[in-house]
Amino acid sequence: MKKFLSICITTITLAACGANLSTDRYATSGAGHVNTVSEGVIINVRPVTIATENGEVGQLAGGIVGGVAGGMVSDNTLAQTIGAVGGAVLGGYLGGKAQEGLSMQGGMEYIVKLDSGKSVTLTQGDDEVFSVGQRVYVLDADYDERARIIAQ
């Protein structure tokens, strides 16, 4: 039982970890694809918090663990059923909140005035921070890859 709970807790913890939002990280599906690049200048910068809004993986994992653990509270069938349902609901809620909290990370929201005259906004990780007035490239998100801003 202890080993099962340890495995489940580890699974929830790993599932709840946040995405790597570094501008230097690409998904394998994005390698070799052409992105459209626009040139522009940063006109506004503000720090933001980026987090998972709906911790579906955490909810699912927490619900499973909670249901199994809640079903083991008694030898009585009715108590097991009530414990399993209650454990699943509570575990799902806590698992979702855990994923949301563990995925929280700092980011930056940029407004870029493109050389074309159009303004765009983009939020990305804070591994590289740009300043107002700085010239940048905006890489559009083609082929399921996320858009990003990089220095010129």
# chains A, B, ... in the order shown; residues from 1 in each chain; ligands from 1
$ residues_around --residues "region 130-137 of chain A" --least-positions-apart "4" --cutoff "12 Å" --atoms "only C-alpha atoms" --output "VMD selection string"
chain A and resid 23 35 to 47 107 to 115 120 122 to 126 147 to 152
$ atom_distance --atom1 "CA of Leu90 (chain A)" --atom2 "CA of Val73 (chain A)"
14.6 Å
$ atom_distance --atom1 "CA of Val85 (chain A)" --atom2 "CA of Val68 (chain A)"
9.2 Å
